[in-house]
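This is query10.cif (mmCIF, C-alpha atoms).
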data_model
loop_
_atom_site.label_atom_id
_atom_site.label_comp_id
_atom_site.auth_asym_id
_atom_site.auth_seq_id
_atom_site.Cartn_x
_atom_site.Cartn_y
_atom_site.Cartn_z
CA MET A 1 -104.92 -275.69 5.53
CA ASN A 2 -105.63 -271.97 5.52
CA ILE A 3 -102.20 -270.32 5.83
CA ALA A 4 -102.91 -267.29 3.68
CA GLY A 5 -102.27 -263.83 5.10
CA ARG A 6 -100.05 -262.72 7.94
CA MET A 7 -99.08 -265.46 10.41
CA TYR A 8 -98.75 -263.60 13.70
CA SER A 9 -98.14 -266.86 15.53
CA TYR A 10 -95.01 -267.37 13.41
CA ASP A 11 -93.93 -263.84 14.23
CA PHE A 12 -94.13 -264.83 17.88
CA LEU A 13 -91.98 -267.91 17.18
CA LYS A 14 -89.34 -265.70 15.53
CA ILE A 15 -89.29 -263.40 18.56
CA VAL A 16 -88.91 -266.30 21.02
CA ALA A 17 -86.17 -267.90 18.90
CA THR A 18 -84.30 -264.59 18.61
CA PHE A 19 -84.36 -264.04 22.37
CA GLY A 20 -83.27 -267.65 22.92
CA ILE A 21 -80.28 -267.26 20.59
CA MET A 22 -79.30 -263.95 22.20
CA CYS A 23 -79.33 -265.57 25.64
CA HIS A 24 -77.36 -268.52 24.24
CA HIS A 25 -74.63 -266.24 22.89
CA TYR A 26 -74.70 -264.08 26.03
CA GLN A 27 -73.72 -267.02 28.22
CA GLN A 28 -71.25 -268.29 25.64
CA SER A 29 -69.54 -264.91 25.16
CA PHE A 30 -69.30 -263.99 28.84
CA ALA A 31 -68.76 -267.58 30.09
CA VAL A 32 -71.49 -267.39 32.73
CA HIS A 33 -73.81 -270.06 34.09
CA PHE A 34 -77.01 -270.00 36.11
CA PRO A 35 -76.97 -272.97 38.53
CA TYR A 36 -80.59 -272.43 39.61
CA PHE A 37 -82.02 -271.48 36.23
CA ILE A 38 -81.95 -272.58 32.60
CA ASP A 39 -78.48 -272.56 31.08
CA PHE A 40 -78.86 -271.32 27.53
CA TYR A 41 -75.28 -272.38 26.86
CA GLY A 42 -73.46 -275.36 28.34
CA GLY A 43 -76.60 -276.85 29.88
CA ARG A 44 -78.49 -280.05 29.10
CA ILE A 45 -80.40 -278.42 26.25
CA TYR A 46 -78.49 -277.00 23.31
CA PHE A 47 -80.25 -273.77 22.40
CA GLY A 48 -78.10 -273.40 19.30
CA PHE A 49 -80.60 -275.72 17.62
CA LEU A 50 -82.97 -272.74 17.47
CA VAL A 51 -81.08 -271.85 14.30
CA GLU A 52 -82.81 -274.81 12.64
CA LEU A 53 -86.14 -273.13 13.43
CA PHE A 54 -84.83 -269.90 11.86
CA PHE A 55 -83.95 -271.70 8.63
CA LEU A 56 -87.29 -273.52 8.50
CA LEU A 57 -89.26 -270.31 9.04
CA SER A 58 -87.10 -268.54 6.44
CA GLY A 59 -87.84 -271.23 3.87
CA TRP A 60 -91.52 -271.24 4.82
CA GLY A 61 -91.73 -267.45 4.50
CA ILE A 62 -90.03 -267.34 1.09
CA ALA A 63 -92.31 -270.11 -0.20
CA CYS A 64 -95.32 -268.10 0.97
CA LYS A 65 -93.95 -264.94 -0.66
CA LEU A 66 -93.32 -266.71 -3.97
CA ASP A 67 -96.80 -268.22 -3.83
CA ILE A 68 -98.28 -264.72 -3.64
CA THR A 69 -95.81 -263.06 -6.04
CA PRO A 70 -94.20 -265.68 -8.31
CA ILE A 71 -90.88 -265.03 -10.04
CA GLY A 72 -91.10 -264.46 -13.80
CA ASP A 73 -89.60 -266.80 -16.39
CA SER A 74 -86.62 -264.67 -17.41
CA ILE A 75 -83.14 -264.60 -15.94
CA LYS A 76 -83.72 -260.90 -15.23
CA ALA A 77 -86.72 -261.77 -13.03
CA HIS A 78 -84.63 -264.23 -11.00
CA ALA A 79 -81.86 -261.67 -10.66
CA LYS A 80 -84.44 -259.16 -9.42
CA PHE A 81 -85.55 -261.70 -6.79
CA LEU A 82 -81.96 -262.08 -5.55
CA LEU A 83 -81.42 -258.31 -5.48
CA GLY A 84 -84.57 -257.96 -3.41
CA ARG A 85 -83.24 -260.45 -0.88
CA TYR A 86 -79.90 -258.63 -0.75
CA ARG A 87 -81.65 -255.31 -0.25
CA ARG A 88 -83.57 -256.77 2.67
CA LEU A 89 -80.55 -258.27 4.47
CA ILE A 90 -77.38 -256.44 3.54
CA PRO A 91 -77.97 -252.94 5.02
CA ILE A 92 -78.08 -254.25 8.59
CA VAL A 93 -75.35 -256.82 7.83
CA LEU A 94 -73.16 -253.93 6.68
CA VAL A 95 -73.82 -251.96 9.88
CA ALA A 96 -73.10 -255.00 12.09
CA SER A 97 -69.94 -255.85 10.12
CA LEU A 98 -68.59 -252.31 10.35
CA CYS A 99 -69.27 -252.18 14.10
CA GLU A 100 -67.34 -255.43 14.63
CA PHE A 101 -64.56 -254.31 12.29
CA PHE A 102 -63.85 -251.05 14.13
CA LEU A 103 -64.25 -252.62 17.60
CA TYR A 104 -61.73 -255.34 16.81
CA ARG A 105 -59.33 -252.98 15.10
CA PHE A 106 -59.36 -250.43 17.94
CA TYR A 107 -59.00 -253.15 20.55
CA TYR A 108 -56.02 -254.69 18.78
CA ASP A 109 -54.36 -251.32 18.18
CA LEU A 110 -54.74 -250.37 21.85
CA TYR A 111 -53.89 -253.65 23.58
CA GLY A 112 -52.25 -255.89 20.97
CA GLU A 113 -54.80 -258.58 21.72
CA TYR A 114 -57.76 -260.03 19.88
CA LEU A 115 -61.22 -259.25 21.17
CA GLY A 116 -62.98 -262.38 19.93
CA TRP A 117 -62.59 -265.70 18.16
CA LYS A 118 -61.56 -264.10 14.89
CA THR A 119 -57.91 -263.13 14.61
CA ILE A 120 -57.90 -261.04 11.42
CA TYR A 121 -60.33 -258.36 10.31
CA SER A 122 -59.86 -256.48 7.09
CA TRP A 123 -61.90 -254.70 4.45
CA TYR A 124 -61.81 -258.02 2.61
CA ASP A 125 -63.91 -259.51 5.43
CA ILE A 126 -66.40 -256.66 5.12
CA ALA A 127 -66.67 -257.18 1.35
CA LEU A 128 -67.29 -260.90 1.79
CA ASN A 129 -69.99 -260.31 4.37
CA VAL A 130 -71.74 -257.76 2.20
CA ALA A 131 -71.48 -260.10 -0.79
CA GLY A 132 -72.97 -262.85 1.34
CA LEU A 133 -70.35 -265.35 0.19
CA ALA A 134 -68.30 -265.82 3.36
CA VAL A 135 -69.32 -269.42 3.79
CA GLY A 136 -66.13 -271.37 4.22
CA SER A 137 -62.99 -272.28 2.37
CA PHE A 138 -61.00 -275.21 1.03
CA TYR A 139 -58.44 -275.12 3.80
CA ASN A 140 -60.39 -274.51 6.99
CA PHE A 141 -63.79 -275.01 8.55
CA PHE A 142 -63.94 -271.53 10.03
CA TYR A 143 -65.86 -268.99 8.06
CA LEU A 144 -64.68 -265.68 6.75
CA CYS A 145 -67.79 -264.04 8.16
CA ILE A 146 -67.14 -261.57 10.93
CA ASP A 147 -69.07 -263.20 13.75
CA SER A 148 -71.18 -266.25 14.47
CA PRO A 149 -74.63 -264.69 13.93
CA LEU A 150 -73.69 -263.42 10.46
CA TRP A 151 -72.86 -267.00 9.49
CA TYR A 152 -76.61 -267.62 9.41
CA VAL A 153 -77.13 -264.71 7.02
CA ASN A 154 -74.39 -265.89 4.67
CA VAL A 155 -75.80 -269.42 4.50
CA LEU A 156 -79.29 -267.99 4.01
CA ILE A 157 -78.08 -265.95 1.03
CA MET A 158 -76.53 -269.09 -0.45
CA CYS A 159 -79.93 -270.77 -0.08
CA TYR A 160 -81.47 -267.89 -2.03
CA TRP A 161 -78.94 -268.38 -4.84
CA ILE A 162 -79.63 -272.10 -5.02
CA LEU A 163 -83.38 -271.48 -4.92
CA ALA A 164 -83.20 -268.97 -7.78
CA VAL A 165 -81.18 -271.40 -9.92
CA GLU A 166 -83.53 -274.29 -9.17
CA LEU A 167 -86.64 -272.26 -9.95
CA TYR A 168 -85.13 -271.12 -13.23
CA LEU A 169 -84.25 -274.71 -14.20
CA CYS A 170 -87.77 -275.84 -13.34
CA ARG A 171 -89.30 -273.21 -15.59
CA ARG A 172 -86.75 -273.79 -18.35
CA PHE A 173 -87.14 -277.57 -18.50
CA GLY A 174 -90.57 -278.08 -16.96
CA TRP A 175 -89.29 -279.92 -13.88
CA ASN A 176 -91.20 -280.31 -10.63
CA LYS A 177 -89.62 -277.86 -8.17
CA MET A 178 -90.43 -280.10 -5.19
CA TRP A 179 -88.04 -282.78 -6.44
CA LEU A 180 -85.18 -280.29 -6.60
CA PHE A 181 -86.06 -278.98 -3.13
CA LEU A 182 -86.06 -282.57 -1.86
CA LEU A 183 -82.73 -283.27 -3.54
CA THR A 184 -81.11 -280.23 -1.89
CA PHE A 185 -82.61 -281.19 1.47
CA LEU A 186 -81.34 -284.78 1.19
CA ALA A 187 -77.86 -283.62 0.11
CA GLY A 188 -77.67 -281.50 3.25
CA ALA A 189 -79.09 -284.29 5.42
CA VAL A 190 -76.64 -286.94 4.18
CA PHE A 191 -73.63 -284.63 4.49
CA LEU A 192 -74.64 -283.40 7.94
CA THR A 193 -75.30 -286.92 9.26
CA LEU A 194 -72.10 -288.50 7.96
CA VAL A 195 -69.65 -285.65 8.57
CA LYS A 196 -68.93 -284.15 11.97
CA GLN A 197 -68.88 -280.37 12.25
CA ASN A 198 -65.41 -278.76 12.26
CA SER A 199 -64.18 -281.75 10.26
CA PRO A 200 -63.18 -282.16 6.60
CA PRO A 201 -64.09 -282.12 3.80
CA TYR A 202 -64.04 -278.32 3.65
CA MET A 203 -65.61 -276.76 0.58
CA PRO A 204 -66.47 -273.10 -0.04
CA PHE A 205 -70.21 -273.63 -0.34
CA PHE A 206 -70.73 -277.02 1.19
CA ASN A 207 -69.59 -278.48 4.49
CA ALA A 208 -71.22 -280.00 7.57
CA SER A 209 -72.23 -276.64 9.02
CA ILE A 210 -73.55 -275.07 5.84
CA ALA A 211 -75.62 -278.22 5.29
CA ARG A 212 -77.70 -277.17 8.30
CA GLY A 213 -79.04 -274.27 6.27
CA TYR A 214 -79.78 -276.37 3.20
CA MET A 215 -81.77 -278.84 5.29
CA GLY A 216 -83.76 -276.24 7.20
CA PHE A 217 -84.43 -273.77 4.40
CA PHE A 218 -85.55 -276.25 1.77
CA GLY A 219 -87.34 -278.26 4.42
CA GLY A 220 -89.34 -275.11 5.17
CA MET A 221 -90.09 -274.66 1.45
CA MET A 222 -91.47 -278.19 1.24
CA LEU A 223 -93.36 -277.81 4.51
CA TYR A 224 -95.22 -274.76 3.21
CA ASN A 225 -96.26 -276.52 0.02
CA TYR A 226 -97.42 -279.53 2.03
CA MET A 227 -99.41 -277.46 4.54
CA LYS A 228 -101.06 -275.51 1.73
CA LYS A 229 -102.57 -278.68 0.30
CA HIS A 230 -103.44 -280.65 3.44
CA THR A 231 -105.68 -280.21 6.46
CA PHE A 232 -104.55 -281.62 9.79
CA ASN A 233 -106.90 -283.50 12.06
CA PRO A 234 -107.20 -281.83 15.50
CA ARG A 235 -106.28 -285.18 17.03
CA TYR A 236 -102.82 -284.70 15.57
CA PHE A 237 -102.11 -282.04 18.18
CA ARG A 238 -102.71 -284.48 21.02
CA TYR A 239 -99.33 -286.03 20.28
CA MET A 240 -97.53 -282.73 20.72
CA PRO A 241 -96.32 -283.53 24.28
CA ILE A 242 -94.69 -286.75 23.07
CA VAL A 243 -92.97 -284.98 20.19
CA PHE A 244 -91.89 -282.19 22.56
CA LEU A 245 -90.33 -284.64 25.05
CA LEU A 246 -88.50 -286.43 22.25
CA GLY A 247 -87.35 -283.07 20.94
CA VAL A 248 -85.91 -282.10 24.32
CA ARG A 249 -84.07 -285.43 24.38
CA PHE A 250 -82.58 -284.88 20.93
CA ILE A 251 -81.79 -281.21 21.58
CA GLY A 252 -79.79 -282.29 24.59
CA SER A 253 -78.12 -285.21 22.83
CA GLY A 254 -74.73 -283.54 22.53
CA THR A 255 -72.18 -284.51 19.92
CA GLY A 256 -71.23 -287.68 18.11
CA LEU A 257 -73.33 -289.62 15.62
CA PHE A 258 -76.46 -289.43 17.80
CA GLY A 259 -75.99 -285.71 18.08
CA ARG A 260 -75.76 -285.37 14.30
CA VAL A 261 -78.90 -287.47 13.82
CA SER A 262 -80.60 -284.86 16.02
CA TYR A 263 -80.65 -282.53 13.01
CA LEU A 264 -82.79 -285.03 11.11
CA PHE A 265 -85.28 -285.29 13.96
CA LEU A 266 -85.41 -281.54 14.49
CA ASP A 267 -85.76 -280.61 10.80
CA CYS A 268 -88.12 -283.45 9.86
CA ILE A 269 -90.30 -283.89 12.95
CA PHE A 270 -89.83 -281.56 15.91
CA TRP A 271 -89.71 -278.05 14.42
CA PRO A 272 -92.21 -278.87 11.63
CA THR A 273 -94.60 -280.09 14.33
CA VAL A 274 -94.15 -276.85 16.26
CA ILE A 275 -94.75 -274.82 13.07
CA ILE A 276 -97.86 -276.81 12.21
CA TYR A 277 -99.16 -276.43 15.77
CA PHE A 278 -98.68 -272.65 15.66
CA SER A 279 -100.55 -272.47 12.36
CA ARG A 280 -103.82 -272.96 14.26
CA GLN A 281 -106.17 -270.07 13.64
CA GLU A 282 -106.88 -269.47 17.34
CA LEU A 283 -103.15 -269.01 18.03
CA ASN A 284 -102.76 -266.76 15.02
CA THR A 285 -105.62 -264.61 16.30
CA TYR A 286 -104.25 -264.60 19.86
CA PHE A 287 -100.81 -263.32 18.77
CA ASN A 288 -102.27 -260.57 16.60
CA LYS A 289 -100.93 -257.98 19.03
CA LYS A 290 -99.23 -254.64 18.50
CA TYR A 291 -96.17 -255.64 20.52
CA VAL A 292 -95.70 -258.78 18.37
CA SER A 293 -96.00 -256.78 15.15
CA LEU A 294 -93.48 -254.23 16.46
CA LEU A 295 -90.91 -256.66 17.88
CA VAL A 296 -90.87 -258.93 14.85
CA LYS A 297 -89.75 -255.99 12.69
CA ALA A 298 -86.66 -255.66 14.86
CA THR A 299 -85.80 -259.37 15.23
CA PHE A 300 -83.29 -259.42 12.39
CA ALA A 301 -81.60 -256.24 13.62
CA MET A 302 -81.46 -257.64 17.17
CA TYR A 303 -79.99 -260.87 15.86
CA ALA A 304 -77.35 -259.15 13.72
CA MET A 305 -76.38 -256.52 16.31
CA HIS A 306 -76.23 -258.58 19.52
CA ALA A 307 -72.67 -259.81 18.87
CA PRO A 308 -71.28 -256.28 18.27
CA PHE A 309 -73.18 -255.11 21.36
CA MET A 310 -71.52 -257.74 23.57
CA ASP A 311 -68.11 -256.97 22.09
CA ALA A 312 -68.73 -253.28 22.80
CA ILE A 313 -69.34 -254.19 26.47
CA LYS A 314 -66.01 -256.05 26.60
CA PHE A 315 -64.23 -253.13 24.96
CA ALA A 316 -65.80 -250.61 27.36
CA GLU A 317 -64.86 -252.70 30.40
CA ARG A 318 -61.23 -252.83 29.33
CA TYR A 319 -61.03 -249.21 28.19
CA TRP A 320 -62.72 -247.56 31.19
CA GLY A 321 -61.63 -250.15 33.74
CA PHE A 322 -65.04 -251.01 35.15
CA TYR A 323 -66.67 -254.39 35.56
CA PHE A 324 -70.17 -255.47 36.38
CA GLU A 325 -71.47 -258.88 37.31
CA LYS A 326 -72.79 -260.61 34.20
CA GLY A 327 -73.68 -263.91 35.84
CA SER A 328 -77.01 -262.54 37.00
CA LEU A 329 -80.47 -263.02 35.56
CA VAL A 330 -81.12 -259.32 36.16
CA THR A 331 -78.07 -258.38 34.10
CA MET A 332 -79.09 -260.70 31.28
CA GLY A 333 -82.58 -259.22 31.42
CA LEU A 334 -81.13 -255.71 31.09
CA TYR A 335 -79.04 -256.94 28.16
CA LEU A 336 -82.22 -258.16 26.43
CA VAL A 337 -83.96 -254.85 27.09
CA CYS A 338 -80.98 -252.99 25.61
CA MET A 339 -81.04 -255.28 22.58
CA VAL A 340 -84.72 -254.51 21.99
CA PHE A 341 -83.85 -250.81 22.00
CA VAL A 342 -80.81 -251.33 19.74
CA GLY A 343 -82.82 -253.55 17.39
CA LEU A 344 -85.74 -251.15 17.07
CA THR A 345 -83.42 -248.17 16.58
CA THR A 346 -81.34 -249.97 13.95
CA TRP A 347 -84.44 -251.16 12.13
CA TYR A 348 -86.00 -247.71 12.11
CA VAL A 349 -82.88 -245.76 11.13
CA VAL A 350 -81.30 -248.21 8.68
CA GLU A 351 -84.28 -249.93 7.08
CA ARG A 352 -87.06 -247.38 7.30
CA ARG A 353 -85.18 -244.10 6.91
CA LEU A 354 -82.02 -244.86 4.95
CA PHE A 355 -83.13 -247.69 2.66
CA TRP A 356 -86.91 -247.33 2.73
CA ILE A 357 -87.50 -251.03 3.32
CA ARG A 358 -91.06 -251.93 4.23
#

Target format C-alpha cells, applied to this file:
Amino acid sequence: MNIAGRMYSYDFLKIVATFGIMCHHYQQSFAVHFPYFIDFYGGRIYFGFLVELFFLLSGWGIACKLDITPIGDSIKAHAKFLLGRYRRLIPIVLVASLCEFFLYRFYYDLYGEYLGWKTIYSWYDIALNVAGLAVGSFYNFFYLCIDSPLWYVNVLIMCYWILAVELYLCRRFGWNKMWLFLLTFLAGAVFLTLVKQNSPPYMPFFNASIARGYMGFFGGMMLYNYMKKHTFNPRYFRYMPIVFLLGVRFIGSGTGLFGRVSYLFLDCIFWPTVIIYFSRQELNTYFNKKYVSLLVKATFAMYAMHAPFMDAIKFAERYWGFYFEKGSLVTMGLYLVCMVFVGLTTWYVVERRLFWIR
C-alpha cells in the first residue's frame, strides 16, 4: 500500500479526535448533558475511547518517521531520538502544567478549596510532568500528572522510552523488532483485559490504564509495517458498516469484563479498520486542504490547553461572580472556537517562535 508522504486524511482524523475529546471533557468538567443531542460524556457512547485512536496514530506516525529517518546504531543516536521527542512535546506540556499550577494555587489560597480532582500541586508535580514520568505509583492508581489530558502525554513518552530500548536491543542482538512490538502489545492487552482500571496492582510504569498506551502505540507501529507491505482489496471496504456498528456497540459497552474486552476490539479491529479506510488515496487527496494543514498543527496545543482553559473559566466565574449557561450547544461551540484560537496561538508562540519547532 502506498502510504509514503503526508497523510492529510490522518490529519483530519487527529482533528476530529481532538474535538471529540475536548467535547468529552467539557461535559465531564461542567457536568452538563444534551438530552436532544449527542452526549460526549455520560451517554451511550464512551468518547474517551478516542484516546485509543490517538495512541494508534502516534505509533503509526513514529513508525513512518523512523522508516524515513532510521535511528543509528549507537546509544547516542537513540538518546538523540528521545531528546527530539521531548523537544516536540515538553514545551507545550510545560506551559499547560504551569497554567494549571498557578490556577489551582491561586484558587486554594483565595477560597481554601480545590479547583479540580487533584488535591496537591507543587513544583514536584511540574518537574514530573516535564520529565514525562508521572505515570503512577506503587500506592495509588491516580497519576502524579497535573490533569487528565497530560496523562496521555506521559504514557506516550514512556512508549518512546520502551521503543528506543527495543530498537537498540534489536540492533545489538539482531532481533526482529516486530516480535518485541508484539510482545509489548500483548503485555498491555493481557494486563488491560484481566485487571480493572482503578484497581491494583499499582506499579509506576505499568497498570491497567497505562496498558492502554502500550496496546495502542505498539499496535500502531505494527499496523504501519503491515500496511507498508500489503495492498487491500477494495472489497474490504464494503464491510466497513458492519465493523462500524460493532464498534459503536463496543464503545458503548460500559465497564466490567465486556467493557475491558472493548479495548481489544478497538485496538485490533475497529480503529485499525478506520485508519486503513482513511489511507485511501482519494480521501488523502480530498483532505489536502489549507484548513486541515493549519488545524492539525494546533491539535496538540488544543489538547494540552483545554483543561487549563476550562479551569480558568471556573476560576473566573468564582472570582468575578458571573455565571453563564454551559449546558448549551452554542456555548460548547463557542468553547471549541476559543480552543482553536488558544491552540493556534500557543502553537505559534511556543513552538514556532520560542523553540523553533517545525

**Asked** Leaving out Leu89 in chain A and any residue of its chain fewer than 3 positions from it, which residues lie within 9 Å of it when counting all atoms listed in the file, given as a VMD selection string?
**Response** chain A and resid 84 to 86 92 to 94 153 157 300

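Using only C-alpha atoms, the smallest distance between any of A:Leu66, A:Met227, A:Ala312, A:Met240 and His78 in chain A comes from A:Leu66.
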
**Asked** Separation of CA of Tyr291 in chain A and CA of Leu50 in chain A, in Å?
**Response**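 Taking CA of Tyr291 in chain A as the start and CA of Leu50 in chain A as the end point, the length is 21.8 Å.
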
**Item:** Computed interatomic separation between CA of Tyr36 in chain A and CA of Lys314 in chain A (Å)
**Value:** 25.5 Å

**Asked** What's the 12 Å shell around range 80-82 of chain A, counting all atoms listed in the file, without same-chain residues fewer than 2 positions away, as a PyMOL selection string?
**Response** chain A and resi 62+65-66+69-78+84-90+131-132+156-165+167-168

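Counting all atoms listed in the file, Cys268 in chain A has the following residues at most 10 Å away, ignoring those fewer than 3 positions along the same chain: Met215, Gly216, Gly219, Gly220, Leu223, Ser262, Tyr263, Leu264, Phe265, Trp271, Pro272 and Thr273 of chain A.
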
**Prompt:** With all atoms listed in the file as the atoms that count, which of A:Phe30, A:Tyr41, A:Pro35, A:Val155 lies nearest to Phe54 in chain A?
**Reply:**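 Between A:Phe30, A:Tyr41, A:Pro35, A:Val155, the residue approaching Phe54 in chain A most closely is A:Val155.
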
**Asked** For this file, the PyMOL selection byres ((chain A and resi 103-105) around 8) selects which residues, as a PyMOL selection string?
**Response** chain A and resi 99-102+106-109+114-116+121+308+311-312+315

**Request:** Run the PyMOL selection byres ((chain A and resi 283) around 12) on the file and write out the hits as a list in words.
**Result:**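 Applying the PyMOL selection byres ((chain A and resi 283) around 12) to the structure shown produces Met7, Tyr8, Ser9, Tyr10, Asp11, Phe12, Leu13, Ile275, Ile276, Tyr277, Phe278, Ser279, Arg280, Gln281, Glu282, Asn284, Thr285, Tyr286, Phe287, Asn288 and Lys289 of chain A.
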
**Asked** For Ala96 in chain A, which residue out of A:Leu192, A:Cys64, A:Ile269, A:Leu150 is the nearest one, using only C-alpha atoms?
**Response**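 Ranked by minimum distance to Ala96 in chain A, first place goes to A:Leu150.
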
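You will find CA of Phe218 in chain A at 15.7 Å from CA of Phe270 in chain A.
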
**Request:** Decode the PyMOL selection byres ((chain A and resi 177) around 12) for the given file into explicit residues and return them as a count of residues only.
**Result:** 27

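The closest residue to Lys228 in chain A, picked from A:Asp67, A:Phe19, A:Val51, A:Leu294 and counting only C-alpha atoms, is A:Asp67.
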
Padding 6 Å on each side, edges along x, y and z: where is the centre of the box around the listed atoms of range 24-34 of chain A, and how long are its edges in Å to one decimal? Output it as AutoDock Vina command-line options.
--center_x -73.1 --center_y -267.0 --center_z 29.5 --size_x 20.6 --size_y 18.1 --size_z 25.2

**Message:** Env of Val296 in chain A: 7 Å cut, atoms = all atoms listed in the file, seq-sep filter 2 positions within chain, self excluded. Answer as number ranges by chain.
**Reply:** A: 11, 14-15, 292-294, 298-299

**Request:** Rank A:Ala127, A:Leu334, A:Val349, A:Ala189 by their smallest atom-to-atom distance to Tyr26 in chain A, using all atoms listed in the file, and report the top residue only.
**Result:**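 So, comparing all the options, the nearest one is A:Leu334.
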
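Within a radius of 12 Å around (-83.8, -262.2, 32.3), the polymer residues are Phe19, Gly20, Met22, Cys23, Tyr26, Gln27, Phe34, Phe37, Ile38, Asp39, Phe40, Lys326, Gly327, Ser328, Leu329, Val330, Thr331, Met332, Gly333, Leu334, Tyr335, Leu336, Val337 and Cys338 of chain A, counting all atoms listed in the file.
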